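Dropping work_13.pdb in here (PDB, C-alpha atoms):
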ATOM      1  CA  MET D   1       0.000   0.000   0.000
ATOM      2  CA  LEU D   2       1.258   3.442  -0.924
ATOM      3  CA  CYS D   3       1.310   6.227   1.646
ATOM      4  CA  PHE D   4       0.590   9.708   0.273
ATOM      5  CA  VAL D   5       2.196  12.631   2.071
ATOM      6  CA  SER D   6       1.043  16.228   1.722
ATOM      7  CA  GLY D   7       3.379  18.970   0.515
ATOM      8  CA  ILE D   8       2.711  20.933   3.707
ATOM      9  CA  PHE D   9       5.501  20.504   6.241
ATOM     10  CA  ALA D  10       5.972  20.949   9.995
ATOM     11  CA  PHE D  11       9.449  21.831  11.261
ATOM     12  CA  GLU D  12      11.285  22.911  14.350
ATOM     13  CA  ALA D  13      12.191  26.602  14.134
ATOM     14  CA  ASP D  14      15.761  26.011  12.915
ATOM     15  CA  ASP D  15      14.694  23.472  10.289
ATOM     16  CA  ALA D  16      11.933  25.792   9.092
ATOM     17  CA  TYR D  17      14.410  28.663   8.684
ATOM     18  CA  GLU D  18      16.788  26.573   6.578
ATOM     19  CA  TYR D  19      13.922  25.076   4.553
ATOM     20  CA  ASN D  20      12.480  28.519   3.767
ATOM     21  CA  GLN D  21      15.941  29.825   2.853
ATOM     22  CA  VAL D  22      16.378  27.021   0.322
ATOM     23  CA  VAL D  23      12.886  27.590  -1.107
ATOM     24  CA  SER D  24      13.582  31.308  -1.506
ATOM     25  CA  GLN D  25      16.618  30.491  -3.671
ATOM     26  CA  ILE D  26      14.645  28.459  -6.228
ATOM     27  CA  GLN D  27      14.486  30.643  -9.313
ATOM     28  CA  GLU D  28      13.859  28.191 -12.141
ATOM     29  CA  VAL D  29      13.001  24.635 -13.101
ATOM     30  CA  LYS D  30      16.117  22.497 -13.573
ATOM     31  CA  ALA D  31      17.750  19.150 -12.804
ATOM     32  CA  PRO D  32      17.885  18.180  -9.107
ATOM     33  CA  TYR D  33      20.674  19.774  -7.083
ATOM     34  CA  VAL D  34      21.946  20.079  -3.509
ATOM     35  CA  ASP D  35      21.408  23.227  -1.444
ATOM     36  CA  GLY D  36      22.611  22.982   2.136
ATOM     37  CA  ASP D  37      21.084  19.902   3.762
ATOM     38  CA  TYR D  38      18.440  19.463   1.046
ATOM     39  CA  ILE D  39      18.112  17.976  -2.423
ATOM     40  CA  VAL D  40      15.916  20.261  -4.527
ATOM     41  CA  PHE D  41      13.584  18.707  -7.107
ATOM     42  CA  THR D  42      11.603  20.929  -9.484
ATOM     43  CA  ALA D  43       9.031  20.432 -12.234
ATOM     44  CA  PRO D  44       7.283  22.780 -14.668
ATOM     45  CA  HIS D  45       3.711  23.830 -13.944
ATOM     46  CA  ASN D  46       2.246  22.202 -17.036
ATOM     47  CA  SER D  47       0.382  19.461 -15.158
ATOM     48  CA  ARG D  48      -2.247  19.268 -12.404
ATOM     49  CA  GLY D  49       0.119  17.709  -9.873
ATOM     50  CA  VAL D  50       3.535  16.123  -9.362
ATOM     51  CA  SER D  51       4.690  13.649  -6.703
ATOM     52  CA  ILE D  52       7.869  11.689  -6.024
ATOM     53  CA  ALA D  53       8.755   8.280  -4.525
ATOM     54  CA  PHE D  54      12.200   6.957  -3.505
ATOM     55  CA  ASP D  55      13.866   3.568  -3.579
ATOM     56  CA  HIS D  56      15.178   3.928  -0.009
ATOM     57  CA  GLU D  57      11.512   3.977   1.043
ATOM     58  CA  ASP D  58      10.745   1.037  -1.273
ATOM     59  CA  PHE D  59       8.523   3.403  -3.281
ATOM     60  CA  LYS D  60       5.806   2.940  -0.625
ATOM     61  CA  THR D  61       5.540   6.635   0.286
ATOM     62  CA  VAL D  62       4.532   9.215  -2.296
ATOM     63  CA  HIS D  63       5.525  12.815  -1.511
ATOM     64  CA  SER D  64       3.608  15.659  -3.133
ATOM     65  CA  PHE D  65       5.419  18.566  -4.766
ATOM     66  CA  VAL D  66       4.486  22.095  -3.673
ATOM     67  CA  LEU D  67       3.203  24.594  -6.238
ATOM     68  CA  HIS D  68       4.980  27.963  -6.185
ATOM     69  CA  LYS D  69       3.369  30.949  -7.878
ATOM     70  CA  SER D  70       4.923  34.359  -8.555
ATOM     71  CA  ILE D  71       2.359  37.157  -8.485
ATOM     72  CA  ASP D  72       2.858  40.748  -9.667
ATOM     73  CA  PHE D  73       1.441  43.889  -8.001
ATOM     74  CA  ASP D  74      -1.771  43.559 -10.014
ATOM     75  CA  GLY D  75      -2.368  40.034  -8.747
ATOM     76  CA  ASN D  76      -1.464  38.390 -12.052
ATOM     77  CA  GLU D  77       0.546  35.170 -12.104
ATOM     78  CA  THR D  78       3.938  35.808 -13.737
ATOM     79  CA  ASN D  79       5.622  32.462 -13.207
ATOM     80  CA  SER D  80       5.040  29.156 -11.448
ATOM     81  CA  TRP D  81       6.636  25.778 -10.849
ATOM     82  CA  PHE D  82       6.450  22.716  -8.619
ATOM     83  CA  TYR D  83       9.162  21.868  -6.096
ATOM     84  CA  TYR D  84       9.990  19.266  -3.466
ATOM     85  CA  LEU D  85      12.813  19.380  -0.904
ATOM     86  CA  LEU D  86      14.295  16.142   0.442
ATOM     87  CA  LYS D  87      16.442  16.291   3.597
ATOM     88  CA  LYS D  88      19.583  14.360   2.686
ATOM     89  CA  PRO D  89      19.301  10.832   4.118
ATOM     90  CA  LYS D  90      22.206   9.670   6.250
ATOM     91  CA  ASP D  91      24.634   7.072   4.884
ATOM     92  CA  ILE D  92      23.165   7.213   1.376
ATOM     93  CA  SER D  93      25.333   8.485  -1.485
ATOM     94  CA  THR D  94      22.962   7.759  -4.382
ATOM     95  CA  ILE D  95      19.186   8.130  -4.580
ATOM     96  CA  ARG D  96      16.938   6.443  -7.122
ATOM     97  CA  TYR D  97      13.441   7.768  -7.599
ATOM     98  CA  ARG D  98      10.408   8.130  -9.873
ATOM     99  CA  LEU D  99       7.945  10.945 -10.402
ATOM    100  CA  ILE D 100       4.178  10.660 -10.628
ATOM    101  CA  ILE D 101       2.882  13.318 -13.026
ATOM    102  CA  ASP D 102      -0.904  13.532 -13.322
ATOM    103  CA  GLY D 103      -1.128  10.003 -11.929
ATOM    104  CA  LEU D 104       1.415   8.436 -14.308
ATOM    105  CA  TRP D 105       4.736   6.998 -13.061
ATOM    106  CA  THR D 106       7.705   8.339 -15.013
ATOM    107  CA  PRO D 107      11.440   9.065 -14.736
ATOM    108  CA  ASP D 108      12.303  12.708 -14.017
ATOM    109  CA  PRO D 109      12.344  14.434 -17.438
ATOM    110  CA  LEU D 110      14.817  17.007 -16.054
ATOM    111  CA  ASN D 111      17.340  14.373 -14.954
ATOM    112  CA  GLU D 112      19.225  12.614 -17.735
ATOM    113  CA  ASN D 113      20.739  10.057 -15.339
ATOM    114  CA  THR D 114      18.562   6.928 -15.357
ATOM    115  CA  VAL D 115      18.896   3.201 -14.805
ATOM    116  CA  TYR D 116      16.630   0.258 -15.536
ATOM    117  CA  ASP D 117      15.631  -1.653 -12.392
ATOM    118  CA  SER D 118      14.567  -5.217 -13.166
ATOM    119  CA  THR D 119      13.009  -5.588  -9.707
ATOM    120  CA  VAL D 120      10.359  -2.921 -10.309
ATOM    121  CA  ARG D 121      10.578  -3.372 -14.098
ATOM    122  CA  ALA D 122      10.887   0.325 -14.715
ATOM    123  CA  ARG D 123      13.446   2.995 -15.535
ATOM    124  CA  LEU D 124      14.436   5.044 -12.477
ATOM    125  CA  SER D 125      16.026   8.459 -12.199
ATOM    126  CA  VAL D 126      19.345   8.530 -10.318
ATOM    127  CA  PHE D 127      20.870  11.335  -8.238
ATOM    128  CA  SER D 128      24.343  11.032  -6.694
ATOM    129  CA  PHE D 129      25.716  13.430  -4.110
ATOM    130  CA  PRO D 130      28.823  15.422  -5.044
ATOM    131  CA  ALA D 131      31.984  13.570  -4.029
ATOM    132  CA  ASN D 132      33.783  16.594  -2.590
ATOM    133  CA  LYS D 133      32.655  17.434   0.917
ATOM    134  CA  LYS D 134      32.044  21.117   1.540
ATOM    135  CA  VAL D 135      34.304  22.736   4.117
ATOM    136  CA  ALA D 136      31.881  23.970   6.762
ATOM    137  CA  THR D 137      31.066  24.115  10.446
ATOM    138  CA  GLU D 138      29.496  20.782  11.374
ATOM    139  CA  ASN D 139      28.655  18.252  14.073
ATOM    140  CA  LEU D 140      31.116  15.354  14.043
ATOM    141  CA  THR D 141      30.263  11.720  14.763
ATOM    142  CA  SER D 142      32.765  11.846  17.641
ATOM    143  CA  GLY D 143      30.402  14.131  19.579
ATOM    144  CA  MET D 144      32.473  17.218  18.875
ATOM    145  CA  THR D 145      31.300  20.307  17.003
ATOM    146  CA  LYS D 146      33.873  21.574  14.501
ATOM    147  CA  PHE D 147      33.760  25.311  13.813
ATOM    148  CA  VAL D 148      35.307  26.406  10.517
ATOM    149  CA  CYS D 149      36.140  29.948   9.435
ATOM    150  CA  LEU D 150      37.443  31.048   6.041
ATOM    151  CA  ALA D 151      39.290  34.370   6.254
ATOM    152  CA  ASP D 152      42.553  36.074   5.297
ATOM    153  CA  SER D 153      45.641  34.129   6.295
ATOM    154  CA  GLY D 154      47.689  35.189   9.302
ATOM    155  CA  LYS D 155      44.780  36.572  11.336
ATOM    156  CA  GLU D 156      43.868  35.878  14.957
ATOM    157  CA  ILE D 157      40.321  34.559  14.669
ATOM    158  CA  ARG D 158      38.375  34.026  17.894
ATOM    159  CA  LEU D 159      35.088  32.280  18.640
ATOM    160  CA  GLY D 160      32.398  33.462  21.036
ATOM    161  CA  GLY D 161      28.755  32.615  21.530
ATOM    162  CA  THR D 162      26.042  31.546  23.897
ATOM    163  CA  PHE D 163      28.340  28.749  25.104
ATOM    164  CA  THR D 164      30.891  31.347  26.316
ATOM    165  CA  GLY D 165      28.459  33.966  27.601
ATOM    166  CA  TRP D 166      29.487  35.917  24.467
ATOM    167  CA  ASP D 167      33.027  36.223  25.808
ATOM    168  CA  SER D 168      35.126  36.268  22.620
ATOM    169  CA  TRP D 169      38.499  35.916  24.365
ATOM    170  CA  ILE D 170      38.178  32.313  25.583
ATOM    171  CA  TYR D 171      38.718  30.440  22.309
ATOM    172  CA  THR D 172      41.225  31.266  19.569
ATOM    173  CA  MET D 173      40.876  29.234  16.377
ATOM    174  CA  ASN D 174      43.759  27.343  14.765
ATOM    175  CA  GLU D 175      44.850  28.153  11.218
ATOM    176  CA  VAL D 176      45.058  24.602   9.827
ATOM    177  CA  SER D 177      45.821  25.762   6.267
ATOM    178  CA  PRO D 178      46.236  29.212   4.690
ATOM    179  CA  GLY D 179      42.991  31.116   5.343
ATOM    180  CA  ARG D 180      41.208  28.168   6.968
ATOM    181  CA  TYR D 181      40.661  28.264  10.730
ATOM    182  CA  GLU D 182      39.171  25.456  12.844
ATOM    183  CA  LEU D 183      38.255  24.728  16.441
ATOM    184  CA  SER D 184      36.410  21.672  17.827
ATOM    185  CA  LEU D 185      34.370  21.846  21.044
ATOM    186  CA  PRO D 186      32.404  19.170  22.987
ATOM    187  CA  LEU D 187      29.018  20.914  23.061
ATOM    188  CA  PRO D 188      25.979  19.165  24.628
ATOM    189  CA  ALA D 189      22.788  18.802  22.586
ATOM    190  CA  GLY D 190      21.028  22.117  22.033
ATOM    191  CA  THR D 191      20.812  25.206  19.832
ATOM    192  CA  TYR D 192      23.761  27.582  19.945
ATOM    193  CA  TYR D 193      24.396  31.049  18.545
ATOM    194  CA  TYR D 194      27.876  32.358  17.847
ATOM    195  CA  SER D 195      30.083  34.802  15.961
ATOM    196  CA  TYR D 196      33.689  34.938  14.840
ATOM    197  CA  TYR D 197      35.889  37.828  15.930
ATOM    198  CA  SER D 198      38.944  39.562  14.471
ATOM    199  CA  GLY D 199      40.162  42.354  16.693
ATOM    200  CA  ILE D 200      37.014  44.049  17.990
ATOM    201  CA  SER D 201      34.966  43.212  14.897
ATOM    202  CA  ALA D 202      32.410  40.379  14.932
ATOM    203  CA  PHE D 203      31.281  38.598  11.767
ATOM    204  CA  LEU D 204      29.067  35.676  10.710
ATOM    205  CA  ASP D 205      30.331  32.179   9.925
ATOM    206  CA  PRO D 206      30.837  32.269   6.128
ATOM    207  CA  THR D 207      30.434  28.461   5.902
ATOM    208  CA  ASN D 208      27.097  28.282   7.770
ATOM    209  CA  PRO D 209      23.876  29.718   6.252
ATOM    210  CA  LYS D 210      21.879  29.276   9.475
ATOM    211  CA  LYS D 211      21.378  32.551  11.329
ATOM    212  CA  GLY D 212      19.632  34.032  14.327
ATOM    213  CA  TYR D 213      19.382  37.392  16.062
ATOM    214  CA  THR D 214      20.428  38.614  19.479
ATOM    215  CA  SER D 215      18.097  40.631  21.709
ATOM    216  CA  ASP D 216      19.621  43.847  20.326
ATOM    217  CA  GLY D 217      18.929  42.780  16.732
ATOM    218  CA  ARG D 218      22.466  41.708  15.793
ATOM    219  CA  ALA D 219      22.686  38.854  13.250
ATOM    220  CA  VAL D 220      24.663  35.829  14.493
ATOM    221  CA  SER D 221      25.323  32.310  13.229
ATOM    222  CA  CYS D 222      23.394  29.314  14.566
ATOM    223  CA  ILE D 223      24.116  25.607  14.911
ATOM    224  CA  VAL D 224      21.978  22.798  16.313
ATOM    225  CA  VAL D 225      23.769  19.985  18.143
ATOM    226  CA  LYS D 226      21.751  16.761  18.350
TER     227      LYS D 226
END

Have the structure of the file written as structure tokens, please.
Amino acid sequence: MLCFVSGIFAFEADDAYEYNQVVSQIQEVKAPYVDGDYIVFTAPHNSRGVSIAFDHEDFKTVHSFVLHKSIDFDGNETNSWFYYLLKKPKDISTIRYRLIIDGLWTPDPLNENTVYDSTVRARLSVFSFPANKKVATENLTSGMTKFVCLADSGKEIRLGGTFTGWDSWIYTMNEVSPGRYELSLPLPAGTYYYSYYSGISAFLDPTNPKKGYTSDGRAVSCIVVK
């Protein structure tokens, strides 16, 4: 039995922020691509509805695309397309999937990479994640959180945030290669806000798109440790 899932999503605040940021960057219909923690699938608005099903779910769950419409000041529709965002599954490097367009199963017409699967007796679309890992602040499997800063070489880059009481003089980052600074900390599970510092100037983490705001309205970077 297939399970149909609506295109309306419920998120924690941090997930919702990232999701909406990715959606806001969709400007056109094109082959699937990675943006942050999501794979973005799009489809032209020339059908009544589009859905997607994945092999890692045994094609038992059908996810509905969301219809985006661009409206001008007069209320006229100027552009529209369907989209679906998939949070990247852990420990999976390649995804195989099929679309359902107006009730008909089909490979993704925007993705030229396909393979015939004799088990389901159908041609499937294939998406593989880029091999090169992006240099970015991240949670490590060791339980540490690795902060990464890309800046001019030879600087003293410091780290401060809610985990230091916003004291920016406790942690100085290490320049592990020219212009790349790192520091790993054992942070407990929770949501943390932070900034990088050079001299008396504070700046956002250039490798992390997640942001928040302090009580005085200052933009800071955000990371969730799970």

Give as a CSV table (one decimal) with C-alpha atoms, in the coordinates of the input every residue, naming chains and numbers as the document does, that has an atom within 12 Å of (22.4, 16.3, -5.4), counting all atoms listed in the file.
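This is the output file result.csv:
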chain,number,residue,atom,x,y,z
D,31,ALA,CA,17.8,19.2,-12.8
D,32,PRO,CA,17.9,18.2,-9.1
D,33,TYR,CA,20.7,19.8,-7.1
D,34,VAL,CA,21.9,20.1,-3.5
D,35,ASP,CA,21.4,23.2,-1.4
D,36,GLY,CA,22.6,23.0,2.1
D,37,ASP,CA,21.1,19.9,3.8
D,38,TYR,CA,18.4,19.5,1.0
D,39,ILE,CA,18.1,18.0,-2.4
D,40,VAL,CA,15.9,20.3,-4.5
D,41,PHE,CA,13.6,18.7,-7.1
D,85,LEU,CA,12.8,19.4,-0.9
D,86,LEU,CA,14.3,16.1,0.4
D,87,LYS,CA,16.4,16.3,3.6
D,88,LYS,CA,19.6,14.4,2.7
D,89,PRO,CA,19.3,10.8,4.1
D,92,ILE,CA,23.2,7.2,1.4
D,93,SER,CA,25.3,8.5,-1.5
D,94,THR,CA,23.0,7.8,-4.4
D,95,ILE,CA,19.2,8.1,-4.6
D,96,ARG,CA,16.9,6.4,-7.1
D,111,ASN,CA,17.3,14.4,-15.0
D,113,ASN,CA,20.7,10.1,-15.3
D,126,VAL,CA,19.3,8.5,-10.3
D,127,PHE,CA,20.9,11.3,-8.2
D,128,SER,CA,24.3,11.0,-6.7
D,129,PHE,CA,25.7,13.4,-4.1
D,130,PRO,CA,28.8,15.4,-5.0
D,131,ALA,CA,32.0,13.6,-4.0
D,132,ASN,CA,33.8,16.6,-2.6

For the point (39.6, 35.0, 3.8) in file coordinates, what residues are within 10 Å, counting only C-alpha atoms? Give the answer as an MDAnalysis selection string? chainID D and resid 149:155 178:181 206

Take the residues just selected and output them with C-alpha atoms as a PDB file, in the coordinates of the input.
ATOM      1  CA  CYS D 149      36.140  29.948   9.435  1.00  0.00           C
ATOM      2  CA  LEU D 150      37.443  31.048   6.041  1.00  0.00           C
ATOM      3  CA  ALA D 151      39.290  34.370   6.254  1.00  0.00           C
ATOM      4  CA  ASP D 152      42.553  36.074   5.297  1.00  0.00           C
ATOM      5  CA  SER D 153      45.641  34.129   6.295  1.00  0.00           C
ATOM      6  CA  GLY D 154      47.689  35.189   9.302  1.00  0.00           C
ATOM      7  CA  LYS D 155      44.780  36.572  11.336  1.00  0.00           C
ATOM      8  CA  PRO D 178      46.236  29.212   4.690  1.00  0.00           C
ATOM      9  CA  GLY D 179      42.991  31.116   5.343  1.00  0.00           C
ATOM     10  CA  ARG D 180      41.208  28.168   6.968  1.00  0.00           C
ATOM     11  CA  TYR D 181      40.661  28.264  10.730  1.00  0.00           C
ATOM     12  CA  PRO D 206      30.837  32.269   6.128  1.00  0.00           C
TER      13      PRO D 206
END

Can you list what the PyMOL selection byres ((chain D and resi 188) around 10) grabs from this structure, as a list in words? Gly143, Met144, Thr145, Phe163, Leu185, Pro186, Leu187, Ala189, Gly190, Thr191, Tyr192, Val224, Val225 and Lys226 of chain D

Determine, counting all atoms listed in the file, which protein, DNA and RNA residues have an atom within 12 Å of an atom of D:Phe203; residues of the same chain fewer than 2 positions away are not included. Present the result as a ChimeraX atom specification. /D:149-151,157-161,168,194-201,205-208,211,218-221

Hey, what's within 8 Å of D:Tyr83 if we count only C-alpha atoms and toss same-chain stuff fewer than 3 positions away? As number ranges by chain, please? D: 40-43, 65-68

What lies within 12 Å of D:Ser184 using only C-alpha atoms, ignoring chain neighbours under 4 positions off, as a VMD selection string? chain D and resid 137 to 140 142 to 149 159 171 to 174

Written file, previous selection with C-alpha atoms, as a PDB file, in the coordinates of the input:
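File written: part_30.pdb
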ATOM      1  CA  THR D 137      31.066  24.115  10.446  1.00  0.00           C
ATOM      2  CA  GLU D 138      29.496  20.782  11.374  1.00  0.00           C
ATOM      3  CA  ASN D 139      28.655  18.252  14.073  1.00  0.00           C
ATOM      4  CA  LEU D 140      31.116  15.354  14.043  1.00  0.00           C
ATOM      5  CA  SER D 142      32.765  11.846  17.641  1.00  0.00           C
ATOM      6  CA  GLY D 143      30.402  14.131  19.579  1.00  0.00           C
ATOM      7  CA  MET D 144      32.473  17.218  18.875  1.00  0.00           C
ATOM      8  CA  THR D 145      31.300  20.307  17.003  1.00  0.00           C
ATOM      9  CA  LYS D 146      33.873  21.574  14.501  1.00  0.00           C
ATOM     10  CA  PHE D 147      33.760  25.311  13.813  1.00  0.00           C
ATOM     11  CA  VAL D 148      35.307  26.406  10.517  1.00  0.00           C
ATOM     12  CA  CYS D 149      36.140  29.948   9.435  1.00  0.00           C
ATOM     13  CA  LEU D 159      35.088  32.280  18.640  1.00  0.00           C
ATOM     14  CA  TYR D 171      38.718  30.440  22.309  1.00  0.00           C
ATOM     15  CA  THR D 172      41.225  31.266  19.569  1.00  0.00           C
ATOM     16  CA  MET D 173      40.876  29.234  16.377  1.00  0.00           C
ATOM     17  CA  ASN D 174      43.759  27.343  14.765  1.00  0.00           C
TER      18      ASN D 174
END

How many Å lie between atom CA of D:Glu57 and atom CA of D:Ile100, rounded to one decimal?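 Distance reported for this atom pair: 15.3 Å.
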